[in-house]
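J.: Below is my_file38.pdb; it holds PDB, C-alpha atoms, pLDDT in the B column.
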```pdb
ATOM      1  CA  MET A  29      51.823  95.603 104.133  1.00 43.00           C
ATOM      2  CA  MET A  30      52.683  96.046 100.472  1.00 45.00           C
ATOM      3  CA  THR A  31      56.270  96.907 101.415  1.00 53.00           C
ATOM      4  CA  ASN A  32      56.740  93.560 103.196  1.00 53.00           C
ATOM      5  CA  ILE A  33      55.259  91.634 100.253  1.00 56.00           C
ATOM      6  CA  THR A  34      57.541  93.460  97.824  1.00 70.00           C
ATOM      7  CA  LYS A  35      60.601  92.781  99.962  1.00 66.00           C
ATOM      8  CA  GLN A  36      59.676  89.102 100.258  1.00 75.00           C
ATOM      9  CA  ASN A  37      59.327  88.852  96.480  1.00 91.00           C
ATOM     10  CA  ARG A  38      62.654  90.604  95.903  1.00 93.00           C
ATOM     11  CA  HIS A  39      64.366  88.272  98.354  1.00 94.00           C
ATOM     12  CA  GLU A  40      62.929  85.194  96.652  1.00 95.00           C
ATOM     13  CA  ILE A  41      63.925  86.442  93.179  1.00 96.00           C
ATOM     14  CA  TYR A  42      67.492  87.135  94.296  1.00 97.00           C
ATOM     15  CA  MET A  43      67.713  83.815  96.139  1.00 97.00           C
ATOM     16  CA  ARG A  44      66.577  81.838  93.086  1.00 97.00           C
ATOM     17  CA  ALA A  45      69.109  83.654  90.892  1.00 98.00           C
ATOM     18  CA  TYR A  46      71.837  83.051  93.496  1.00 98.00           C
ATOM     19  CA  LEU A  47      71.117  79.314  93.721  1.00 97.00           C
ATOM     20  CA  LYS A  48      71.008  79.029  89.925  1.00 97.00           C
ATOM     21  CA  SER A  49      74.419  80.667  89.459  1.00 96.00           C
ATOM     22  CA  LEU A  50      75.919  78.750  92.413  1.00 97.00           C
ATOM     23  CA  THR A  51      74.730  75.453  90.917  1.00 96.00           C
ATOM     24  CA  LYS A  52      76.521  76.315  87.675  1.00 95.00           C
ATOM     25  CA  ILE A  53      79.762  76.929  89.588  1.00 94.00           C
ATOM     26  CA  LEU A  54      79.477  73.585  91.389  1.00 92.00           C
ATOM     27  CA  GLN A  55      78.896  71.779  88.086  1.00 92.00           C
ATOM     28  CA  GLU A  56      81.915  73.332  86.372  1.00 86.00           C
ATOM     29  CA  GLU A  57      85.367  71.764  86.391  1.00 80.00           C
ATOM     30  CA  ASN A  58      86.880  75.193  85.733  1.00 79.00           C
ATOM     31  CA  ARG A  59      84.952  77.961  87.464  1.00 83.00           C
ATOM     32  CA  VAL A  60      83.591  80.501  85.006  1.00 93.00           C
ATOM     33  CA  LEU A  61      84.241  84.064  86.189  1.00 96.00           C
ATOM     34  CA  GLU A  62      80.865  85.319  84.993  1.00 96.00           C
ATOM     35  CA  HIS A  63      79.049  82.770  87.170  1.00 96.00           C
ATOM     36  CA  ILE A  64      81.154  83.707  90.202  1.00 97.00           C
ATOM     37  CA  LYS A  65      80.285  87.383  89.686  1.00 98.00           C
ATOM     38  CA  LYS A  66      76.577  86.580  89.432  1.00 98.00           C
ATOM     39  CA  THR A  67      76.740  84.390  92.543  1.00 98.00           C
ATOM     40  CA  VAL A  68      78.340  87.230  94.499  1.00 98.00           C
ATOM     41  CA  PHE A  69      75.895  89.872  93.263  1.00 99.00           C
ATOM     42  CA  TYR A  70      72.716  87.836  93.732  1.00 98.00           C
ATOM     43  CA  GLY A  71      74.013  86.323  96.973  1.00 98.00           C
ATOM     44  CA  VAL A  72      74.647  89.684  98.611  1.00 98.00           C
ATOM     45  CA  LYS A  73      71.283  90.998  97.396  1.00 98.00           C
ATOM     46  CA  SER A  74      69.447  87.928  98.717  1.00 97.00           C
ATOM     47  CA  ILE A  75      70.953  88.384 102.181  1.00 97.00           C
ATOM     48  CA  ILE A  76      70.250  92.115 102.510  1.00 97.00           C
ATOM     49  CA  THR A  77      66.646  91.809 101.265  1.00 96.00           C
ATOM     50  CA  ARG A  78      65.791  89.007 103.706  1.00 92.00           C
ATOM     51  CA  PRO A  79      62.543  89.912 105.517  1.00 89.00           C
ATOM     52  CA  ARG A  80      62.865  90.275 109.277  1.00 83.00           C
ATOM     53  CA  SER A  81      61.176  87.732 111.510  1.00 80.00           C
ATOM     54  CA  ASP A  82      60.246  87.923 115.195  1.00 75.00           C
ATOM     55  CA  TYR A  83      61.179  84.274 115.608  1.00 80.00           C
ATOM     56  CA  ILE A  84      64.330  82.415 114.597  1.00 83.00           C
ATOM     57  CA  THR A  85      65.071  78.715 114.387  1.00 90.00           C
ATOM     58  CA  ARG A  86      68.408  76.951 114.559  1.00 91.00           C
ATOM     59  CA  GLU A  87      67.874  75.468 111.085  1.00 93.00           C
ATOM     60  CA  GLU A  88      67.170  78.869 109.505  1.00 93.00           C
ATOM     61  CA  VAL A  89      70.112  80.578 111.211  1.00 93.00           C
ATOM     62  CA  GLU A  90      72.573  77.798 110.358  1.00 94.00           C
ATOM     63  CA  GLN A  91      71.415  77.836 106.734  1.00 95.00           C
ATOM     64  CA  ARG A  92      71.809  81.627 106.579  1.00 95.00           C
ATOM     65  CA  PHE A  93      75.268  81.380 108.151  1.00 95.00           C
ATOM     66  CA  GLN A  94      76.309  78.785 105.568  1.00 96.00           C
ATOM     67  CA  THR A  95      74.988  80.950 102.721  1.00 97.00           C
ATOM     68  CA  ILE A  96      76.921  83.997 103.949  1.00 97.00           C
ATOM     69  CA  ASN A  97      80.122  81.938 104.187  1.00 97.00           C
ATOM     70  CA  ILE A  98      79.672  80.604 100.643  1.00 97.00           C
ATOM     71  CA  ILE A  99      79.156  84.141  99.324  1.00 98.00           C
ATOM     72  CA  GLN A 100      82.282  85.333 101.143  1.00 98.00           C
ATOM     73  CA  ASP A 101      84.272  82.439  99.666  1.00 97.00           C
ATOM     74  CA  CYS A 102      83.086  83.436  96.187  1.00 97.00           C
ATOM     75  CA  ILE A 103      84.079  87.044  96.894  1.00 98.00           C
ATOM     76  CA  GLY A 104      87.537  85.752  97.786  1.00 98.00           C
ATOM     77  CA  LEU A 105      87.892  84.271  94.298  1.00 97.00           C
ATOM     78  CA  LEU A 106      87.482  87.697  92.701  1.00 98.00           C
ATOM     79  CA  THR A 107      90.132  90.363  92.346  1.00 98.00           C
ATOM     80  CA  SER A 108      89.640  93.782  93.941  1.00 98.00           C
ATOM     81  CA  ARG A 109      89.179  95.266  90.466  1.00 98.00           C
ATOM     82  CA  GLU A 110      86.443  92.753  89.590  1.00 98.00           C
ATOM     83  CA  PHE A 111      84.681  93.323  92.911  1.00 99.00           C
ATOM     84  CA  MET A 112      84.680  97.106  92.420  1.00 98.00           C
ATOM     85  CA  ASN A 113      82.892  96.628  89.088  1.00 98.00           C
ATOM     86  CA  ILE A 114      80.124  94.651  90.821  1.00 98.00           C
ATOM     87  CA  PHE A 115      79.741  96.862  93.892  1.00 98.00           C
ATOM     88  CA  PRO A 116      81.322 100.274  93.158  1.00 98.00           C
ATOM     89  CA  ILE A 117      82.739 102.256  96.056  1.00 98.00           C
ATOM     90  CA  ALA A 118      80.101 104.707  97.316  1.00 97.00           C
ATOM     91  CA  LYS A 119      80.848 108.228  96.097  1.00 96.00           C
ATOM     92  CA  GLU A 120      80.569 109.849  99.515  1.00 94.00           C
ATOM     93  CA  TYR A 121      83.476 112.106 100.403  1.00 95.00           C
ATOM     94  CA  ASP A 122      82.872 113.613 103.874  1.00 93.00           C
ATOM     95  CA  GLY A 123      83.862 110.608 105.981  1.00 90.00           C
ATOM     96  CA  ASP A 124      86.783 112.450 107.572  1.00 89.00           C
ATOM     97  CA  LYS A 125      84.390 115.045 108.961  1.00 90.00           C
ATOM     98  CA  TRP A 126      82.276 112.385 110.698  1.00 90.00           C
ATOM     99  CA  GLN A 127      85.115 109.918 111.347  1.00 88.00           C
ATOM    100  CA  VAL A 128      83.513 107.196 109.207  1.00 90.00           C
ATOM    101  CA  LYS A 129      84.491 105.294 106.075  1.00 94.00           C
ATOM    102  CA  ASP A 130      84.012 106.991 102.725  1.00 95.00           C
ATOM    103  CA  TYR A 131      85.317 106.885  99.138  1.00 97.00           C
ATOM    104  CA  PHE A 132      88.775 108.206 100.036  1.00 97.00           C
ATOM    105  CA  TYR A 133      89.196 105.817 102.965  1.00 97.00           C
ATOM    106  CA  THR A 134      88.352 102.824 100.788  1.00 97.00           C
ATOM    107  CA  MET A 135      90.569 103.963  97.908  1.00 97.00           C
ATOM    108  CA  ASN A 136      93.505 104.389 100.289  1.00 97.00           C
ATOM    109  CA  TYR A 137      92.960 100.802 101.419  1.00 97.00           C
ATOM    110  CA  ILE A 138      92.485  99.486  97.873  1.00 97.00           C
ATOM    111  CA  ASN A 139      95.754 101.124  96.798  1.00 97.00           C
ATOM    112  CA  THR A 140      97.633  98.926  99.272  1.00 97.00           C
ATOM    113  CA  LEU A 141      96.408  95.812  97.432  1.00 97.00           C
ATOM    114  CA  ASP A 142      97.257  94.149  94.152  1.00 97.00           C
ATOM    115  CA  LEU A 143      94.133  94.990  92.145  1.00 97.00           C
ATOM    116  CA  ASP A 144      94.557  91.950  89.909  1.00 98.00           C
ATOM    117  CA  ALA A 145      95.216  89.375  92.645  1.00 98.00           C
ATOM    118  CA  PRO A 146      92.379  87.351  94.228  1.00 98.00           C
ATOM    119  CA  ILE A 147      91.016  88.931  97.407  1.00 98.00           C
ATOM    120  CA  GLY A 148      91.452  85.648  99.268  1.00 97.00           C
ATOM    121  CA  THR A 149      89.016  83.551 101.270  1.00 91.00           C
ATOM    122  CA  GLY A 150      88.307  83.334 104.988  1.00 92.00           C
ATOM    123  CA  GLU A 151      89.693  86.155 107.100  1.00 94.00           C
ATOM    124  CA  LYS A 152      91.153  87.941 104.054  1.00 96.00           C
ATOM    125  CA  ALA A 153      87.714  88.300 102.457  1.00 97.00           C
ATOM    126  CA  LEU A 154      86.188  89.429 105.747  1.00 95.00           C
ATOM    127  CA  ASN A 155      88.893  92.064 106.278  1.00 96.00           C
ATOM    128  CA  PHE A 156      88.379  93.317 102.719  1.00 98.00           C
ATOM    129  CA  LEU A 157      84.635  93.700 103.272  1.00 98.00           C
ATOM    130  CA  TRP A 158      85.206  95.538 106.558  1.00 96.00           C
ATOM    131  CA  GLU A 159      87.395  98.115 104.820  1.00 97.00           C
ATOM    132  CA  TYR A 160      85.149  98.492 101.765  1.00 98.00           C
ATOM    133  CA  TYR A 161      82.527 101.249 101.637  1.00 97.00           C
ATOM    134  CA  ASN A 162      79.394 100.432  99.696  1.00 98.00           C
ATOM    135  CA  ARG A 163      75.906 100.563 101.230  1.00 97.00           C
ATOM    136  CA  ASP A 164      74.964  97.037 100.106  1.00 98.00           C
ATOM    137  CA  ILE A 165      78.248  95.601 101.363  1.00 98.00           C
ATOM    138  CA  LEU A 166      77.877  97.430 104.671  1.00 97.00           C
ATOM    139  CA  ARG A 167      74.447  95.842 105.142  1.00 97.00           C
ATOM    140  CA  PHE A 168      75.843  92.450 104.126  1.00 98.00           C
ATOM    141  CA  VAL A 169      78.569  92.693 106.793  1.00 97.00           C
ATOM    142  CA  VAL A 170      75.995  93.729 109.407  1.00 95.00           C
ATOM    143  CA  GLU A 171      73.775  90.777 108.438  1.00 95.00           C
ATOM    144  CA  GLY A 172      76.761  88.489 108.913  1.00 95.00           C
ATOM    145  CA  MET A 173      77.345  89.843 112.420  1.00 93.00           C
ATOM    146  CA  CYS A 174      73.642  89.529 113.276  1.00 92.00           C
ATOM    147  CA  CYS A 175      73.686  85.934 112.070  1.00 93.00           C
ATOM    148  CA  MET A 176      76.682  85.146 114.299  1.00 91.00           C
ATOM    149  CA  SER A 177      74.866  86.741 117.246  1.00 91.00           C
ATOM    150  CA  ASP A 178      71.751  84.662 116.540  1.00 90.00           C
ATOM    151  CA  LEU A 179      73.864  81.495 116.514  1.00 90.00           C
ATOM    152  CA  ARG A 180      75.459  82.418 119.840  1.00 88.00           C
ATOM    153  CA  LYS A 181      72.070  83.095 121.437  1.00 85.00           C
ATOM    154  CA  LEU A 182      70.708  79.749 120.214  1.00 84.00           C
ATOM    155  CA  GLN A 183      73.722  78.114 121.876  1.00 78.00           C
ATOM    156  CA  GLY A 184      72.965  79.862 125.161  1.00 77.00           C
ATOM    157  CA  GLN A 185      75.789  82.387 124.785  1.00 67.00           C
ATOM    158  CA  PRO A 186      75.535  86.199 124.898  1.00 63.00           C
ATOM    159  CA  SER A 187      75.218  88.020 121.588  1.00 58.00           C
ATOM    160  CA  LEU A 188      78.249  89.848 120.176  1.00 58.00           C
ATOM    161  CA  MET A 189      76.833  93.176 121.384  1.00 61.00           C
ATOM    162  CA  GLU A 190      76.079  91.813 124.862  1.00 60.00           C
ATOM    163  CA  GLU A 191      79.604  90.426 125.126  1.00 57.00           C
ATOM    164  CA  TRP A 192      81.078  93.769 124.066  1.00 50.00           C
ATOM    165  CA  ALA A 193      78.859  95.624 126.560  1.00 52.00           C
ATOM    166  CA  THR A 194      79.897  93.303 129.406  1.00 52.00           C
ATOM    167  CA  LYS A 195      83.588  93.834 128.658  1.00 55.00           C
ATOM    168  CA  ASN A 196      83.002  97.582 128.764  1.00 59.00           C
ATOM    169  CA  ALA A 197      80.845  97.490 131.930  1.00 56.00           C
ATOM    170  CA  ILE A 198      77.729  98.637 130.069  1.00 61.00           C
ATOM    171  CA  LYS A 199      74.312  97.410 131.206  1.00 60.00           C
ATOM    172  CA  THR A 200      72.148  95.602 128.656  1.00 58.00           C
ATOM    173  CA  TYR A 201      68.419  94.912 128.611  1.00 59.00           C
ATOM    174  CA  THR A 202      66.166  92.663 126.550  1.00 61.00           C
ATOM    175  CA  MET A 203      62.706  93.661 125.341  1.00 60.00           C
ATOM    176  CA  HIS A 204      59.767  91.350 126.094  1.00 61.00           C
ATOM    177  CA  THR A 205      55.988  91.445 125.610  1.00 69.00           C
ATOM    178  CA  ASP A 206      53.529  89.933 128.093  1.00 66.00           C
ATOM    179  CA  SER A 207      50.223  88.173 127.316  1.00 68.00           C
ATOM    180  CA  ARG A 208      48.381  91.519 127.332  1.00 70.00           C
ATOM    181  CA  GLY A 209      50.705  93.085 124.791  1.00 69.00           C
ATOM    182  CA  ASN A 210      52.537  95.265 127.309  1.00 72.00           C
ATOM    183  CA  GLN A 211      56.245  95.669 126.633  1.00 67.00           C
ATOM    184  CA  PHE A 212      58.900  95.637 129.350  1.00 59.00           C
ATOM    185  CA  LEU A 213      62.680  95.637 129.653  1.00 63.00           C
ATOM    186  CA  LEU A 214      64.463  92.864 131.551  1.00 59.00           C
ATOM    187  CA  ASP A 215      67.834  93.252 133.225  1.00 64.00           C
ATOM    188  CA  LYS A 216      69.011  89.640 132.931  1.00 62.00           C
ATOM    189  CA  LYS A 217      71.865  90.151 135.372  1.00 63.00           C
ATOM    190  CA  ILE A 218      69.761  91.090 138.411  1.00 62.00           C
ATOM    191  CA  GLY A 219      66.320  90.026 137.161  1.00 57.00           C
ATOM    192  CA  THR A 220      64.548  93.394 137.469  1.00 65.00           C
ATOM    193  CA  THR A 221      62.045  94.695 134.919  1.00 62.00           C
ATOM    194  CA  ALA A 222      60.940  98.136 133.774  1.00 61.00           C
ATOM    195  CA  LYS A 223      57.755  98.980 131.896  1.00 63.00           C
ATOM    196  CA  VAL A 224      58.149 100.550 128.463  1.00 61.00           C
ATOM    197  CA  SER A 225      56.108 103.731 128.144  1.00 63.00           C
ATOM    198  CA  LYS A 226      55.129 104.554 124.588  1.00 62.00           C
ATOM    199  CA  PRO A 227      55.400 108.252 123.636  1.00 60.00           C
ATOM    200  CA  ARG A 228      52.119 110.109 123.215  1.00 52.00           C
ATOM    201  CA  PRO A 229      51.507 111.337 119.623  1.00 56.00           C
ATOM    202  CA  LYS A 230      52.207 115.060 119.301  1.00 57.00           C
ATOM    203  CA  HIS A 231      48.711 115.801 117.993  1.00 52.00           C
ATOM    204  CA  LEU A 232      47.122 114.492 121.231  1.00 49.00           C
ATOM    205  CA  LYS A 233      46.828 116.823 124.229  1.00 51.00           C
ATOM    206  CA  VAL A 234      45.892 116.151 127.845  1.00 46.00           C
ATOM    207  CA  ILE A 235      42.604 117.885 128.760  1.00 50.00           C
ATOM    208  CA  LYS A 236      42.466 119.052 132.390  1.00 45.00           C
TER     209      LYS A 236
END
```
Rewrite the coordinates I just gave you, this time as C-alpha cells.

T.:
Amino acid sequence: MMTNITKQNRHEIYMRAYLKSLTKILQEENRVLEHIKKTVFYGVKSIITRPRSDYITREEVEQRFQTINIIQDCIGLLTSREFMNIFPIAKEYDGDKWQVKDYFYTMNYINTLDLDAPIGTGEKALNFLWEYYNRDILRFVVEGMCCMSDLRKLQGQPSLMEEWATKNAIKTYTMHTDSRGNQFLLDKKIGTTAKVSKPRPKHLKVIK
C-alpha cells in the first residue's frame, strides 16, 4: 500500500513541475531552452510514474494523449545533444547478444544525425524516441502506445496488440471477473470462456 501512495505522490510532484515549466514556455515570446528541458524531463517522469487504474475514462485518456503529444513536441525542439544530457543513453552493451537495443545501437543511430540540429516534431520525434535506448524513454514510448490502444478501445476498435495479433492469425483473449470474484478468459471472436486457475503456493501440499 505504501508503494502505491509513494508512486501517486511522485506522479503529482512531477506533474506539478511539468505544468509549471510548460506554463512558462506558453507565456514566453521566445522559448527559453532551460524551460523546454525542464518540461521534457518532468513531463516524461510524470507519464511513467502515473499510477495504474482498473478503470479508464475517455476524458482521462484524451488528456493523457494530449500531454504525451505536447511532451513529444517539446522533445522535437531540442537537439540530440541536448536530449542526451537530459536522458543519457543507457550504458548497457550486450544488446547484440539478445538482439535488442543497447548503447552501441543508439550511438550508431545518433551518429547519423546532426547533433546540433533540432530533433523535429511529429513523426521525427517519435522515430528518434523509438531508436533511443534509455529505460525512462522506453517506458515513455510504451505508455504512449498504451494510451493509443486505450483510445482505440474507447472508440470500439481493437487495441494495437489485438490488431497485430489478428493480422498474424494469433488468438487473443480478454480477462474478466464475475460477481463472485472468479476470473475467466473470453474469446471475443467465438464467444467461449475459460476459467482461470490460480497456481497453488509451493508451500501448500495436497494431503491424501

J.: Taking into account only C-alpha atoms, which residue in the set A:Ile117, A:Gln55, A:Ala153, A:Asp164 is nearest to Lys73 in chain A?

T.: A:Asp164

J.: Between A:Trp126, A:Tyr121, A:Tyr131, A:Phe168, which is the closest to Arg92 in chain A once you count all atoms listed in the file?

T.: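 Closest candidate: A:Phe168.
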
J.: Please evaluate the PyMOL selection byres ((chain A and resi 74-76) around 9) against the structure above and give the resulting residues as a VMD selection string.

T.: chain A and resid 38 to 46 69 to 73 77 to 79 92 95 to 96 164 to 165 167 to 168 171 to 172

J.: Out of A:Val60, A:Leu143, A:Met173, A:Val128, which residue has the shortest atom-to-atom distance to Asn113 in chain A when counting all atoms listed in the file?

T.: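 Closest to Asn113 in chain A of all the choices is A:Leu143.
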
J.: Using only C-alpha atoms, list the residues that have an atom at most 12 Å from (81.7, 108.2, 105.9), coordinates as in the file, as a PyMOL selection string.

T.: chain A and resi 117-134+159-163+166

J.: Okay, now the selection with C-alpha atoms, as a compact mmCIF listing (two decimals), in the frame of the given file?

T.:
```
# COMPACT_ATOMS: atom_id res chain seq x y z
CA ILE A 117 82.74 102.26 96.06
CA ALA A 118 80.10 104.71 97.32
CA LYS A 119 80.85 108.23 96.10
CA GLU A 120 80.57 109.85 99.52
CA TYR A 121 83.48 112.11 100.40
CA ASP A 122 82.87 113.61 103.87
CA GLY A 123 83.86 110.61 105.98
CA ASP A 124 86.78 112.45 107.57
CA LYS A 125 84.39 115.04 108.96
CA TRP A 126 82.28 112.38 110.70
CA GLN A 127 85.12 109.92 111.35
CA VAL A 128 83.51 107.20 109.21
CA LYS A 129 84.49 105.29 106.08
CA ASP A 130 84.01 106.99 102.72
CA TYR A 131 85.32 106.88 99.14
CA PHE A 132 88.78 108.21 100.04
CA TYR A 133 89.20 105.82 102.96
CA THR A 134 88.35 102.82 100.79
CA GLU A 159 87.40 98.12 104.82
CA TYR A 160 85.15 98.49 101.76
CA TYR A 161 82.53 101.25 101.64
CA ASN A 162 79.39 100.43 99.70
CA ARG A 163 75.91 100.56 101.23
CA LEU A 166 77.88 97.43 104.67
```

J.: Could you tell me how far CA of Ala145 in chain A lies from CA of Leu106 in chain A, in Å and to one decimal?

T.: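 Interatomic distance here is 7.9 Å.
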
J.: How would range 97-115 of chain A look with N, CA and C atoms restored, written as a CSV table (one decimal), in the coordinates of the input?

T.:
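The result, written out as rebuild_26.csv:
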```csv
chain,number,residue,atom,x,y,z
A,97,ASN,N,78.7,82.4,104.3
A,97,ASN,CA,80.1,81.9,104.2
A,97,ASN,C,80.4,81.6,102.7
A,98,ILE,N,79.5,81.0,102.1
A,98,ILE,CA,79.7,80.6,100.6
A,98,ILE,C,79.9,81.9,99.8
A,99,ILE,N,79.0,82.9,100.1
A,99,ILE,CA,79.2,84.1,99.3
A,99,ILE,C,80.5,84.8,99.6
A,100,GLN,N,81.0,84.8,100.8
A,100,GLN,CA,82.3,85.3,101.1
A,100,GLN,C,83.4,84.6,100.5
A,101,ASP,N,83.3,83.2,100.4
A,101,ASP,CA,84.3,82.4,99.7
A,101,ASP,C,84.3,82.8,98.2
A,102,CYS,N,83.1,83.0,97.6
A,102,CYS,CA,83.1,83.4,96.2
A,102,CYS,C,83.7,84.8,96.0
A,103,ILE,N,83.5,85.7,96.9
A,103,ILE,CA,84.1,87.0,96.9
A,103,ILE,C,85.6,86.9,96.9
A,104,GLY,N,86.1,86.0,97.7
A,104,GLY,CA,87.5,85.8,97.8
A,104,GLY,C,88.2,85.3,96.5
A,105,LEU,N,87.4,84.7,95.6
A,105,LEU,CA,87.9,84.3,94.3
A,105,LEU,C,88.1,85.4,93.3
A,106,LEU,N,87.4,86.5,93.6
A,106,LEU,CA,87.5,87.7,92.7
A,106,LEU,C,88.7,88.6,93.0
A,107,THR,N,89.1,89.4,92.1
A,107,THR,CA,90.1,90.4,92.3
A,107,THR,C,89.4,91.6,92.9
A,108,SER,N,90.2,92.5,93.5
A,108,SER,CA,89.6,93.8,93.9
A,108,SER,C,89.0,94.6,92.8
A,109,ARG,N,89.7,94.5,91.6
A,109,ARG,CA,89.2,95.3,90.5
A,109,ARG,C,87.8,94.7,90.0
A,110,GLU,N,87.7,93.4,90.0
A,110,GLU,CA,86.4,92.8,89.6
A,110,GLU,C,85.3,93.1,90.6
A,111,PHE,N,85.7,93.0,91.9
A,111,PHE,CA,84.7,93.3,92.9
A,111,PHE,C,84.2,94.8,92.8
A,112,MET,N,85.1,95.7,92.5
A,112,MET,CA,84.7,97.1,92.4
A,112,MET,C,83.7,97.3,91.3
A,113,ASN,N,83.8,96.5,90.2
A,113,ASN,CA,82.9,96.6,89.1
A,113,ASN,C,81.5,96.1,89.4
A,114,ILE,N,81.4,95.2,90.4
A,114,ILE,CA,80.1,94.7,90.8
A,114,ILE,C,79.5,95.6,91.8
A,115,PHE,N,80.2,96.0,92.8
A,115,PHE,CA,79.7,96.9,93.9
A,115,PHE,C,80.7,98.1,94.0
```
